[in-house]
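A.B. asks: Data: work-v5.cif, mmCIF, C-alpha atoms.
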data_my_file
loop_
_atom_site.label_atom_id
_atom_site.label_comp_id
_atom_site.auth_asym_id
_atom_site.auth_seq_id
_atom_site.Cartn_x
_atom_site.Cartn_y
_atom_site.Cartn_z
CA MET C 1 98.30 65.86 95.97
CA SER C 2 95.94 62.87 96.17
CA VAL C 3 96.46 59.98 98.55
CA THR C 4 97.89 56.88 96.90
CA SER C 5 98.16 53.37 98.27
CA ARG C 6 100.37 51.97 95.56
CA ARG C 7 103.56 50.20 96.56
CA LEU C 8 106.64 52.38 96.36
CA PRO C 9 109.46 51.57 93.89
CA LEU C 10 112.74 50.03 94.98
CA LEU C 11 114.65 53.04 93.66
CA PRO C 12 114.78 56.17 95.87
CA LEU C 13 111.46 57.97 96.05
CA THR C 14 110.49 60.81 93.84
CA ARG C 15 108.87 63.67 95.68
CA ARG C 16 105.60 62.73 93.95
CA ASP C 17 105.76 59.22 95.39
CA ALA C 18 106.77 60.42 98.83
CA LEU C 19 104.18 63.08 99.54
CA ILE C 20 100.92 61.60 100.71
CA GLY C 21 97.76 63.66 100.89
CA GLY C 22 99.25 67.13 100.32
CA ALA C 23 99.24 68.75 103.74
CA GLY C 24 98.60 65.34 105.22
CA THR C 25 97.56 66.55 108.64
CA ALA C 26 94.49 66.40 110.83
CA ALA C 27 92.12 69.12 109.71
CA SER C 28 91.73 70.47 113.22
CA LEU C 29 95.44 71.31 113.35
CA LEU C 30 95.76 73.15 110.03
CA VAL C 31 96.39 76.89 110.04
CA PRO C 32 93.11 78.74 109.34
CA ARG C 33 92.82 80.17 105.82
CA GLY C 34 94.10 83.74 105.78
CA ALA C 35 95.94 83.46 109.09
CA LEU C 36 99.19 85.42 109.11
CA ALA C 37 102.12 83.75 110.83
CA GLN C 38 104.56 85.93 112.73
CA THR C 39 107.52 83.68 112.04
CA ARG C 40 109.11 84.36 108.65
CA LEU C 41 112.76 84.76 107.78
CA GLN C 42 113.47 87.62 105.38
CA VAL C 43 116.32 86.52 103.10
CA THR C 44 118.30 89.47 101.73
CA GLU C 45 121.77 90.01 100.32
CA GLY C 46 122.96 91.62 103.53
CA ASN C 47 123.51 90.09 106.93
CA VAL C 48 120.74 87.77 108.04
CA ALA C 49 119.98 87.04 111.68
CA PRO C 50 119.42 83.24 111.71
CA LEU C 51 115.95 82.16 112.78
CA VAL C 52 116.00 80.33 116.11
CA ILE C 53 114.37 76.92 115.71
CA ALA C 54 113.85 73.93 118.01
CA ILE C 55 113.97 70.42 116.51
CA PRO C 56 113.36 67.72 119.16
CA ASN C 57 113.99 64.07 118.32
CA PHE C 58 111.13 62.61 116.33
CA VAL C 59 108.81 60.48 118.45
CA ALA C 60 109.06 56.74 117.80
CA GLY C 61 105.90 54.81 116.97
CA THR C 62 107.56 51.74 118.49
CA PRO C 63 110.80 51.33 120.48
CA ALA C 64 112.41 49.86 117.35
CA ASP C 65 111.89 53.16 115.53
CA ALA C 66 113.62 55.31 118.16
CA GLU C 67 117.00 55.33 116.40
CA VAL C 68 115.62 56.41 113.04
CA GLY C 69 113.61 59.14 114.80
CA VAL C 70 116.83 60.53 116.28
CA ASN C 71 118.65 60.22 112.96
CA VAL C 72 115.97 62.07 110.99
CA SER C 73 115.86 64.98 113.44
CA GLN C 74 119.68 65.19 113.41
CA VAL C 75 119.83 65.38 109.60
CA ILE C 76 117.15 68.08 109.56
CA THR C 77 119.05 70.01 112.23
CA SER C 78 122.31 69.72 110.29
CA ASN C 79 120.72 70.79 107.01
CA LEU C 80 119.11 73.89 108.44
CA LYS C 81 122.19 74.86 110.43
CA ARG C 82 124.51 74.46 107.42
CA SER C 83 122.28 76.78 105.40
CA GLY C 84 123.33 79.63 107.69
CA LEU C 85 119.72 80.85 107.88
CA PHE C 86 118.71 78.90 110.99
CA ALA C 87 120.08 78.57 114.52
CA PRO C 88 118.90 75.25 116.02
CA ILE C 89 118.64 75.28 119.81
CA ASP C 90 120.74 72.83 121.81
CA PRO C 91 118.34 70.04 122.93
CA ALA C 92 119.79 70.33 126.44
CA ALA C 93 117.88 73.62 126.75
CA PHE C 94 114.48 72.07 125.97
CA ILE C 95 111.94 72.36 128.79
CA GLU C 96 109.19 70.27 127.26
CA LYS C 97 109.57 66.67 126.11
CA VAL C 98 107.47 66.09 123.01
CA SER C 99 105.67 62.75 123.29
CA ASN C 100 102.59 63.26 121.10
CA ILE C 101 102.70 65.31 117.90
CA ASP C 102 98.92 65.15 117.51
CA THR C 103 98.40 67.71 120.27
CA ALA C 104 99.62 71.30 120.26
CA PRO C 105 102.85 71.91 122.20
CA GLN C 106 102.99 74.07 125.31
CA PHE C 107 104.14 77.19 123.47
CA ALA C 108 105.13 79.01 126.66
CA ASN C 109 107.86 76.41 127.22
CA TRP C 110 109.33 77.11 123.78
CA ARG C 111 108.98 80.90 124.06
CA THR C 112 110.99 80.70 127.29
CA ILE C 113 114.02 79.39 125.35
CA ASN C 114 113.47 81.98 122.58
CA ALA C 115 112.38 79.51 119.91
CA GLN C 116 110.72 81.20 116.95
CA ALA C 117 109.80 77.95 115.25
CA LEU C 118 109.35 74.36 116.42
CA VAL C 119 109.44 71.09 114.48
CA THR C 120 107.77 67.98 115.89
CA GLY C 121 107.69 64.61 114.19
CA ARG C 122 107.02 60.90 114.46
CA MET C 123 108.42 57.79 112.75
CA THR C 124 106.23 54.67 112.67
CA ARG C 125 106.87 51.27 111.08
CA GLN C 126 103.85 50.06 109.12
CA GLY C 127 102.54 46.51 108.96
CA ASP C 128 103.86 46.14 105.40
CA GLY C 129 107.37 47.16 106.51
CA ARG C 130 107.24 50.70 105.18
CA LEU C 131 108.23 53.67 107.30
CA LYS C 132 105.70 56.42 107.94
CA ALA C 133 107.18 59.84 108.68
CA GLU C 134 105.09 62.74 109.95
CA PHE C 135 106.11 66.25 110.89
CA ARG C 136 104.53 69.53 111.96
CA LEU C 137 106.07 72.98 111.81
CA TRP C 138 104.87 75.41 114.48
CA ASP C 139 105.02 79.19 114.71
CA VAL C 140 105.91 79.59 118.37
CA PRO C 141 105.14 83.34 118.84
CA ALA C 142 101.76 82.97 117.11
CA GLY C 143 100.97 79.59 118.68
CA GLN C 144 99.92 78.12 115.33
CA GLN C 145 100.84 75.27 113.04
CA LEU C 146 102.39 76.46 109.78
CA THR C 147 102.42 73.20 107.88
CA GLY C 148 102.41 69.46 108.36
CA GLN C 149 102.91 66.48 106.08
CA GLN C 150 103.28 62.73 106.12
CA TYR C 151 105.36 60.41 103.96
CA PHE C 152 105.70 56.68 103.36
CA THR C 153 108.93 55.09 102.23
CA SER C 154 111.10 52.02 102.52
CA PRO C 155 113.17 52.22 105.73
CA GLU C 156 116.49 52.56 103.86
CA TYR C 157 115.36 55.91 102.45
CA TRP C 158 114.92 57.63 105.79
CA ARG C 159 117.66 60.13 104.93
CA ARG C 160 115.79 61.29 101.83
CA ILE C 161 112.71 61.88 103.94
CA ALA C 162 114.83 64.03 106.28
CA HIS C 163 116.02 66.09 103.30
CA ILE C 164 112.47 66.49 101.95
CA ILE C 165 111.21 67.63 105.36
CA SER C 166 114.14 70.07 105.55
CA ASP C 167 113.09 71.53 102.19
CA GLN C 168 109.50 71.94 103.39
CA ILE C 169 110.65 73.79 106.52
CA TYR C 170 113.09 75.95 104.57
CA GLU C 171 110.48 76.95 101.99
CA ARG C 172 107.75 77.68 104.54
CA LEU C 173 110.02 79.89 106.64
CA THR C 174 112.01 81.68 103.90
CA GLY C 175 109.61 81.76 100.96
CA GLU C 176 112.31 80.22 98.75
CA LYS C 177 112.60 76.66 97.48
CA GLY C 178 114.90 74.41 99.46
CA TYR C 179 117.87 72.50 98.07
CA PHE C 180 118.49 69.67 100.54
CA ASP C 181 116.80 66.88 98.57
CA SER C 182 119.47 66.98 95.89
CA ARG C 183 122.74 65.33 94.98
CA VAL C 184 126.18 66.40 93.79
CA VAL C 185 128.33 64.63 91.24
CA PHE C 186 132.06 65.32 91.53
CA VAL C 187 135.49 64.02 90.62
CA ASP C 188 136.95 61.94 93.45
CA GLU C 189 140.74 62.17 93.46
CA SER C 190 143.21 59.85 95.15
CA GLY C 191 146.95 59.30 95.03
CA SER C 192 149.84 61.72 94.60
CA LYS C 193 149.58 64.68 92.24
CA GLU C 194 151.92 62.93 89.85
CA ARG C 195 149.76 59.78 89.70
CA ARG C 196 146.31 61.04 90.58
CA VAL C 197 143.40 58.64 90.00
CA LYS C 198 140.13 60.41 89.17
CA ARG C 199 136.74 58.71 89.47
CA LEU C 200 133.25 60.04 89.03
CA ALA C 201 131.38 59.97 92.33
CA ILE C 202 127.96 61.05 93.53
CA MET C 203 126.70 61.97 97.00
CA ASP C 204 123.88 63.69 98.84
CA GLN C 205 124.35 67.45 99.01
CA ASP C 206 125.55 67.12 102.62
CA GLY C 207 128.31 64.62 101.76
CA ALA C 208 126.47 61.43 102.78
CA ASN C 209 125.83 58.32 100.67
CA VAL C 210 128.92 58.56 98.46
CA ARG C 211 128.79 56.20 95.48
CA TYR C 212 131.41 55.73 92.75
CA LEU C 213 130.24 55.76 89.14
CA THR C 214 133.50 54.98 87.33
CA ARG C 215 136.47 52.79 88.24
CA GLY C 216 139.29 55.25 87.60
CA ALA C 217 140.85 53.48 84.64
CA ASP C 218 140.44 56.63 82.53
CA LEU C 219 140.65 60.31 83.41
CA VAL C 220 137.25 61.97 83.91
CA LEU C 221 136.52 65.70 83.96
CA THR C 222 133.70 68.26 84.14
CA PRO C 223 130.63 66.17 85.04
CA ARG C 224 127.32 68.07 84.68
CA PHE C 225 123.76 67.09 85.64
CA SER C 226 120.79 67.19 83.32
CA PRO C 227 118.22 69.74 84.55
CA THR C 228 115.39 67.29 83.83
CA THR C 229 116.63 63.76 84.57
CA GLN C 230 119.11 61.91 86.77
CA GLU C 231 121.61 61.86 83.93
CA ILE C 232 125.15 63.21 83.73
CA THR C 233 127.30 64.35 80.85
CA TYR C 234 131.06 64.35 81.30
CA MET C 235 134.36 64.19 79.46
CA GLU C 236 136.67 61.19 79.58
CA PHE C 237 140.26 60.81 78.42
CA GLY C 238 140.72 57.21 77.31
CA GLN C 239 143.12 55.65 74.86
CA GLY C 240 142.47 58.22 72.13
CA ASP C 241 140.91 61.67 71.92
CA PRO C 242 138.68 62.72 74.81
CA ARG C 243 135.03 61.85 74.39
CA VAL C 244 131.81 63.23 75.81
CA TYR C 245 129.53 60.69 77.46
CA LEU C 246 126.03 60.50 78.88
CA PHE C 247 125.65 58.47 82.09
CA ASN C 248 122.37 57.40 83.70
CA VAL C 249 122.85 57.61 87.47
CA GLU C 250 120.10 55.09 88.29
CA THR C 251 120.83 52.39 85.70
CA GLY C 252 124.59 52.83 85.34
CA GLN C 253 124.26 52.81 81.56
CA ARG C 254 126.35 55.19 79.50
CA GLU C 255 126.53 56.20 75.87
CA ILE C 256 128.81 58.39 73.84
CA VAL C 257 127.36 61.74 72.77
CA GLY C 258 129.22 61.66 69.47
CA ASN C 259 132.55 61.15 67.79
CA PHE C 260 134.20 64.45 67.00
CA PRO C 261 137.58 65.12 65.40
CA GLY C 262 139.96 66.75 67.83
CA MET C 263 139.35 67.54 71.49
CA SER C 264 135.97 68.16 73.12
CA PHE C 265 135.54 70.00 76.41
CA ALA C 266 133.09 71.25 79.02
CA PRO C 267 129.82 69.58 77.98
CA ARG C 268 126.61 70.87 79.54
CA PHE C 269 122.90 70.14 79.05
CA SER C 270 120.31 72.54 77.71
CA PRO C 271 117.48 73.40 80.16
CA ASP C 272 115.13 70.91 78.50
CA GLY C 273 117.74 68.14 78.63
CA GLN C 274 117.41 67.52 74.88
CA ARG C 275 120.75 68.99 73.79
CA VAL C 276 124.36 69.09 74.94
CA ILE C 277 126.50 72.14 74.30
CA MET C 278 130.30 71.83 74.34
CA SER C 279 133.58 73.24 73.12
CA LEU C 280 135.45 71.48 70.30
CA GLN C 281 139.11 72.16 69.63
CA GLN C 282 140.19 72.38 66.02
CA GLY C 283 143.81 73.35 65.56
CA GLY C 284 144.85 76.16 67.87
CA ASN C 285 141.36 77.42 68.60
CA SER C 286 138.10 76.01 69.93
CA ASN C 287 134.49 76.84 69.14
CA LEU C 288 131.10 76.07 70.61
CA PHE C 289 128.85 73.37 69.20
CA VAL C 290 125.46 72.06 70.28
CA MET C 291 124.26 68.53 69.63
CA ASP C 292 120.66 67.36 69.55
CA LEU C 293 120.59 64.14 71.57
CA ARG C 294 117.76 62.65 69.52
CA SER C 295 118.99 63.26 65.99
CA LYS C 296 122.71 63.41 66.93
CA SER C 297 123.04 66.41 64.62
CA ALA C 298 125.56 69.08 65.65
CA THR C 299 125.32 72.82 65.04
CA ARG C 300 128.26 75.20 65.21
CA LEU C 301 127.57 78.30 67.30
CA THR C 302 130.84 80.25 67.16
CA ASP C 303 133.50 80.60 64.47
CA THR C 304 136.46 82.62 65.69
CA PRO C 305 140.25 82.18 65.89
CA ALA C 306 139.92 82.37 69.69
CA ILE C 307 139.33 79.78 72.40
CA ASP C 308 135.62 79.67 73.24
CA THR C 309 134.73 77.24 76.01
CA SER C 310 132.69 76.58 79.18
CA PRO C 311 129.23 77.36 77.74
CA SER C 312 126.20 77.50 80.06
CA TYR C 313 122.53 78.09 79.17
CA SER C 314 120.23 80.63 80.79
CA PRO C 315 117.31 78.88 82.56
CA ASP C 316 114.88 79.76 79.77
CA GLY C 317 117.27 78.43 77.12
CA SER C 318 117.35 81.67 75.15
CA LYS C 319 120.97 82.63 75.82
CA ILE C 320 124.32 81.15 76.73
CA CYS C 321 127.24 82.54 78.67
CA PHE C 322 130.72 81.29 77.88
CA GLU C 323 134.41 81.96 78.33
CA SER C 324 136.49 83.37 75.47
CA ASP C 325 139.93 84.91 75.02
CA ARG C 326 138.91 86.71 71.82
CA GLY C 327 139.70 90.01 73.57
CA GLY C 328 143.21 88.92 74.59
CA ARG C 329 142.54 87.19 77.91
CA PRO C 330 139.68 84.96 79.12
CA GLN C 331 136.48 86.91 79.79
CA VAL C 332 132.77 86.10 80.09
CA TYR C 333 130.52 86.67 77.07
CA VAL C 334 126.76 86.27 76.50
CA MET C 335 125.11 85.50 73.17
CA PRO C 336 121.83 84.05 71.82
CA ALA C 337 121.57 80.28 72.25
CA THR C 338 121.31 79.91 68.47
CA GLY C 339 124.59 81.77 67.90
CA GLY C 340 125.23 85.27 66.65
CA ALA C 341 126.83 88.39 68.10
CA ALA C 342 128.38 87.92 71.54
CA GLN C 343 128.52 90.64 74.18
CA ARG C 344 131.34 90.81 76.70
CA ILE C 345 130.05 91.30 80.25
CA SER C 346 133.19 90.99 82.46
CA PHE C 347 135.42 94.04 82.73
CA GLY C 348 137.19 93.76 86.08
CA GLU C 349 140.90 93.27 86.63
CA GLY C 350 142.23 89.81 85.81
CA SER C 351 140.72 86.98 83.79
CA TYR C 352 137.33 85.27 84.08
CA SER C 353 136.50 81.61 83.47
CA THR C 354 134.02 78.75 84.15
CA PRO C 355 130.85 80.88 83.97
CA VAL C 356 127.58 79.22 84.98
CA TRP C 357 124.06 80.64 84.93
CA SER C 358 121.97 80.51 88.10
CA PRO C 359 118.80 78.36 87.98
CA ARG C 360 116.91 81.52 88.95
CA GLY C 361 118.41 83.44 86.04
CA ASP C 362 119.47 86.37 88.21
CA TYR C 363 123.23 85.76 88.35
CA ILE C 364 126.15 84.28 86.46
CA ALA C 365 128.85 82.77 88.68
CA PHE C 366 132.48 82.69 87.59
CA THR C 367 136.09 82.00 88.57
CA LYS C 368 138.28 85.12 88.54
CA GLN C 369 142.05 85.02 88.50
CA GLY C 370 144.27 87.99 89.32
CA GLY C 371 146.88 89.17 91.78
CA GLY C 372 147.91 85.62 92.61
CA GLN C 373 144.39 84.78 93.81
CA PHE C 374 141.49 82.72 92.46
CA ALA C 375 138.10 84.12 93.41
CA ILE C 376 134.57 82.79 93.10
CA GLY C 377 132.12 85.55 92.30
CA ILE C 378 128.77 86.43 90.76
CA MET C 379 127.47 89.15 88.47
CA LYS C 380 124.15 89.96 86.87
CA PRO C 381 123.63 88.70 83.29
CA ASP C 382 124.38 92.19 81.94
CA GLY C 383 127.69 92.28 83.82
CA SER C 384 126.58 94.70 86.53
CA GLY C 385 126.73 94.08 90.27
CA GLU C 386 129.92 92.00 90.24
CA ARG C 387 130.65 90.62 93.70
CA VAL C 388 133.46 88.37 94.91
CA LEU C 389 132.15 85.77 97.36
CA THR C 390 135.42 84.10 98.36
CA SER C 391 139.04 84.10 97.24
CA GLY C 392 142.14 82.04 97.91
CA PHE C 393 145.15 80.29 96.42
CA HIS C 394 143.12 78.23 93.96
CA ASN C 395 139.33 78.31 93.91
CA GLU C 396 137.51 77.08 90.81
CA GLY C 397 134.43 75.48 89.26
CA PRO C 398 131.31 77.09 90.82
CA THR C 399 127.97 75.26 90.61
CA PHE C 400 124.61 76.52 91.85
CA ALA C 401 122.25 74.74 94.24
CA PRO C 402 118.81 74.10 92.66
CA ASN C 403 117.35 77.20 94.33
CA GLY C 404 120.20 79.47 93.20
CA ARG C 405 120.91 80.49 96.80
CA VAL C 406 124.15 78.58 97.43
CA LEU C 407 127.27 77.89 95.37
CA MET C 408 129.58 74.89 95.64
CA PHE C 409 133.15 75.04 94.32
CA PHE C 410 136.50 73.36 94.88
CA ARG C 411 139.64 74.73 96.48
CA ASP C 412 143.13 73.34 95.90
CA PRO C 413 145.48 74.73 98.58
CA PRO C 414 149.25 75.14 98.07
CA GLY C 415 151.47 72.14 98.73
CA ASN C 416 150.99 68.49 97.89
CA THR C 417 147.62 68.04 99.54
CA GLY C 418 144.61 68.00 97.24
CA PRO C 419 141.35 69.78 96.41
CA SER C 420 138.26 69.89 98.61
CA LEU C 421 134.66 71.01 98.11
CA PHE C 422 133.18 74.09 99.76
CA THR C 423 129.88 75.94 99.77
CA VAL C 424 129.19 79.65 100.13
CA ASP C 425 125.98 81.69 100.14
CA ILE C 426 125.44 84.13 97.24
CA SER C 427 125.74 86.92 99.82
CA GLY C 428 129.32 85.78 100.52
CA ARG C 429 128.42 84.47 103.97
CA ASN C 430 128.58 81.03 105.54
CA GLU C 431 131.50 79.40 103.73
CA GLN C 432 131.72 75.72 104.75
CA ARG C 433 133.69 72.68 103.74
CA VAL C 434 131.72 69.73 102.36
CA PRO C 435 132.95 66.36 103.73
CA THR C 436 134.16 63.84 101.14
CA PRO C 437 136.09 60.56 101.56
CA GLY C 438 139.17 61.92 99.79
CA PHE C 439 140.17 64.77 97.53
CA ALA C 440 137.34 66.20 95.43
CA SER C 441 136.96 68.62 92.53
CA ASP C 442 134.61 69.65 89.68
CA PRO C 443 131.32 69.52 91.62
CA ALA C 444 127.97 69.75 89.81
CA TRP C 445 124.69 70.12 91.69
CA SER C 446 121.65 68.10 90.61
CA PRO C 447 118.14 69.50 90.34
CA LEU C 448 115.76 68.57 93.16
CA LEU C 449 115.01 64.84 93.13
CA SER C 450 111.40 65.26 92.07
#
Would you mind giving the structure from this file in structure tokens?
C.D. replies:
Amino acid sequence: MSVTSRRLPLLPLTRRDALIGGAGTAASLLVPRGALAQTRLQVTEGNVAPLVIAIPNFVAGTPADAEVGVNVSQVITSNLKRSGLFAPIDPAAFIEKVSNIDTAPQFANWRTINAQALVTGRMTRQGDGRLKAEFRLWDVPAGQQLTGQQYFTSPEYWRRIAHIISDQIYERLTGEKGYFDSRVVFVDESGSKERRVKRLAIMDQDGANVRYLTRGADLVLTPRFSPTTQEITYMEFGQGDPRVYLFNVETGQREIVGNFPGMSFAPRFSPDGQRVIMSLQQGGNSNLFVMDLRSKSATRLTDTPAIDTSPSYSPDGSKICFESDRGGRPQVYVMPATGGAAQRISFGEGSYSTPVWSPRGDYIAFTKQGGGQFAIGIMKPDGSGERVLTSGFHNEGPTFAPNGRVLMFFRDPPGNTGPSLFTVDISGRNEQRVPTPGFASDPAWSPLLS
């Protein structure tokens, strides 16, 4: 990526704006072409031994930058630890104090504390007020630098820089794309169950920077991100029939997708962001329709006396999975995106709902109900390899991280408490609660902010 000196926009950076000069490091410190690093985490479906990594506080260019240097390193540490694939070392165990990231570290000091990888960084305030962030990732056993980059941004976007750096580290050490520089839209819930107020809210994937998008005057449900833009589609119950809206996260502008007779449910974007697929209720049944957002023309995809709902496109846009009770109880079906014959793919005990296709195309996630339990699971698109990742009193609404490695869902425990958000790895490991200001449900993960 070429170096650019243009002034950055007031809105949060895109990855294109943030990355300066590709590798962005001194040539003498780059890994030689063809060099093989010893440090690489092999991600499999079985148990993974977390990679031991050291992340000292980023060096401050000036005393005024010391706090942001600490904050950036802490966010990176938290991101990598929460992924379950890394084990950051307690800074109290560090032998060496990093004071200059332009010279190679004393690798023996980091081998002594069993570090397999080391991250060093620096935060410097520029004369024009911008913040310059630099980092280097080191392979400790091999004594080599794996990668290094620099970024320029407005100081208020330091957290985004920490997420972008986390993604770079994650990708270099696992071979998979990261997911930290992303956001989650969800339904914030407050009040008693009898008088619950539901507002659309958005946050960073780690629960920070919560912002409310609606005021709570009307009931909102099933928000979903566009795969191509920072736009959301969702359903709102107002004074009349529920309507499907589009909402631009950056501008706050919204528009109605279309006026349909009867009830509309579960809207979701096509992979190219040009269409919205949804379920429309007509009488006692519901069918799937797709609307072209440019022409506003709608096409009917199913025509059965059953309830067809919760459609989700495959990443290439050629197929959709959806929920239907045409066989007697809700199950997951797959059919061509243009309509036609549908094939049932779920055959386990109980009922299946809320299917969603992984961004990688390798799995379909679902909610499974049976035996008094609600489980979150995954299966391959042909229905094979079904695996339950987590189960409980009421788990629902899975959504994939942009890299397809992690699922977020909501859990509503028994009693008069309220739902909360959780994440779990597709291997079924590393279940964690996601902090939110109040109750939270219906999460939807954004694509990477690039």
A.B. asks: Enumerate, as number ranges by chain, the residues matched when the PyMOL selection byres ((chain C and resi 344) around 6) is run on the file above.
C.D. replies: C: 332-333, 343, 345
A.B. asks: Show me, as a Markdown table, the residues of region 58-81 of chain C having an atom within 12 Å of region 170-177 of chain C, each with the closest atom pair and its distance in Å, using only C-alpha atoms.
C.D. replies:
| residue | atom | partner | partner_atom | distance |
| --- | --- | --- | --- | --- |
| C:Ile76 | CA | C:Tyr170 | CA | 10.2 |
| C:Thr77 | CA | C:Tyr170 | CA | 11.4 |
| C:Asn79 | CA | C:Tyr170 | CA | 9.5 |
| C:Leu80 | CA | C:Tyr170 | CA | 7.4 |
| C:Lys81 | CA | C:Tyr170 | CA | 10.9 |
A.B. asks: Using all atoms listed in the file, which residues sit within 12 Å of Arg196 (chain C) once same-chain residues fewer than 3 positions away are excluded, as a VMD selection string?
C.D. replies: chain C and resid 187 to 193 199 216 to 220 416 to 419 438 to 440
A.B. asks: Around (121.2, 78.7, 80.3) in the file's frame, which residues reach within 9 Å when counting all atoms listed in the file? Return as JSON, numbers by chain?
C.D. replies: {"C": [269, 270, 271, 311, 312, 313, 314, 315, 316, 317, 318, 319, 320, 321, 337, 356, 357, 358, 359, 361]}
A.B. asks: Would you translate the PyMOL selection byres ((chain C and resi 106-112) around 9) into the concrete set of residues it matches in this file, as an MDAnalysis selection string?
C.D. replies: chainID C and resid 54 94:96 104:105 113:118 140:143
A.B. asks: Out of C:Gln145, C:Thr423, C:Gln150, C:Ser446, which residue has the shortest atom-to-atom distance to Thr229 (chain C) when counting all atoms listed in the file?
C.D. replies: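 For Thr229 (chain C), the nearest of the candidates is C:Ser446.
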A.B. asks: Distance CA of Pro56 (chain C)-CA of Gln432 (chain C), one decimal place?
C.D. replies: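 Interatomic distance, CA of Pro56 (chain C) to CA of Gln432 (chain C): 24.7 Å.
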A.B. asks: Would you work out the distance separating CA of Thr153 (chain C) from CA of Arg125 (chain C), expressed in Å to one decimal?
C.D. replies: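 One can read the CA of Thr153 (chain C) to CA of Arg125 (chain C) distance as 9.9 Å.
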A.B. asks: So which residues get picked by the PyMOL selection byres ((chain C and resi 181) around 12) here, written as a ChimeraX atom specification?
C.D. replies: /C:12-15,18,75-76,79,157-168,170,177-180,182-184,203-206,208,401-403,445-450
A.B. asks: Could you check the closest approach to Asp325 (chain C) for each of C:Glu231, C:Phe135, C:Asn287, C:Pro242 and tell me which residue wins, using all atoms listed in the file?
C.D. replies: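 Using all atoms listed in the file, the shortest distance to Asp325 (chain C) belongs to C:Asn287.
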A.B. asks: Between CA of Lys296 (chain C) and CA of Ser310 (chain C), what is the distance, to one decimal in Å?
C.D. replies: 20.6 Å
A.B. asks: With N, CA and C atoms as the target, complete region 300-313 of chain C and hand it back as a PDB file, in the coordinates of the input.
C.D. replies:
ATOM      1  N   ARG C 300     127.177  74.318  64.758  1.00  0.00           N
ATOM      2  CA  ARG C 300     128.260  75.200  65.210  1.00  0.00           C
ATOM      3  C   ARG C 300     127.686  76.546  65.619  1.00  0.00           C
ATOM      4  N   LEU C 301     128.092  77.036  66.791  1.00  0.00           N
ATOM      5  CA  LEU C 301     127.570  78.300  67.300  1.00  0.00           C
ATOM      6  C   LEU C 301     128.545  79.453  67.191  1.00  0.00           C
ATOM      7  N   THR C 302     129.844  79.191  67.292  1.00  0.00           N
ATOM      8  CA  THR C 302     130.840  80.250  67.160  1.00  0.00           C
ATOM      9  C   THR C 302     131.864  79.847  66.108  1.00  0.00           C
ATOM     10  N   ASP C 303     132.495  80.850  65.496  1.00  0.00           N
ATOM     11  CA  ASP C 303     133.500  80.600  64.470  1.00  0.00           C
ATOM     12  C   ASP C 303     134.526  81.729  64.546  1.00  0.00           C
ATOM     13  N   THR C 304     135.447  81.589  65.485  1.00  0.00           N
ATOM     14  CA  THR C 304     136.460  82.620  65.690  1.00  0.00           C
ATOM     15  C   THR C 304     137.830  81.962  65.828  1.00  0.00           C
ATOM     16  N   PRO C 305     138.903  82.735  65.681  1.00  0.00           N
ATOM     17  CA  PRO C 305     140.250  82.180  65.890  1.00  0.00           C
ATOM     18  C   PRO C 305     140.629  82.115  67.357  1.00  0.00           C
ATOM     19  N   ALA C 306     139.663  82.351  68.249  1.00  0.00           N
ATOM     20  CA  ALA C 306     139.920  82.370  69.690  1.00  0.00           C
ATOM     21  C   ALA C 306     139.581  81.025  70.316  1.00  0.00           C
ATOM     22  N   ILE C 307     139.738  80.955  71.628  1.00  0.00           N
ATOM     23  CA  ILE C 307     139.330  79.780  72.400  1.00  0.00           C
ATOM     24  C   ILE C 307     138.020  80.115  73.099  1.00  0.00           C
ATOM     25  N   ASP C 308     136.942  79.534  72.626  1.00  0.00           N
ATOM     26  CA  ASP C 308     135.620  79.670  73.240  1.00  0.00           C
ATOM     27  C   ASP C 308     135.304  78.374  73.967  1.00  0.00           C
ATOM     28  N   THR C 309     134.965  78.466  75.238  1.00  0.00           N
ATOM     29  CA  THR C 309     134.730  77.240  76.010  1.00  0.00           C
ATOM     30  C   THR C 309     133.803  77.526  77.181  1.00  0.00           C
ATOM     31  N   SER C 310     133.514  76.499  77.965  1.00  0.00           N
ATOM     32  CA  SER C 310     132.690  76.580  79.180  1.00  0.00           C
ATOM     33  C   SER C 310     131.336  77.245  78.946  1.00  0.00           C
ATOM     34  N   PRO C 311     130.544  76.768  77.974  1.00  0.00           N
ATOM     35  CA  PRO C 311     129.230  77.360  77.740  1.00  0.00           C
ATOM     36  C   PRO C 311     128.215  76.926  78.799  1.00  0.00           C
ATOM     37  N   SER C 312     127.258  77.799  79.101  1.00  0.00           N
ATOM     38  CA  SER C 312     126.200  77.500  80.060  1.00  0.00           C
ATOM     39  C   SER C 312     124.936  78.228  79.643  1.00  0.00           C
ATOM     40  N   TYR C 313     123.808  77.511  79.587  1.00  0.00           N
ATOM     41  CA  TYR C 313     122.530  78.090  79.170  1.00  0.00           C
ATOM     42  C   TYR C 313     121.896  78.927  80.278  1.00  0.00           C
TER      43      TYR C 313
END
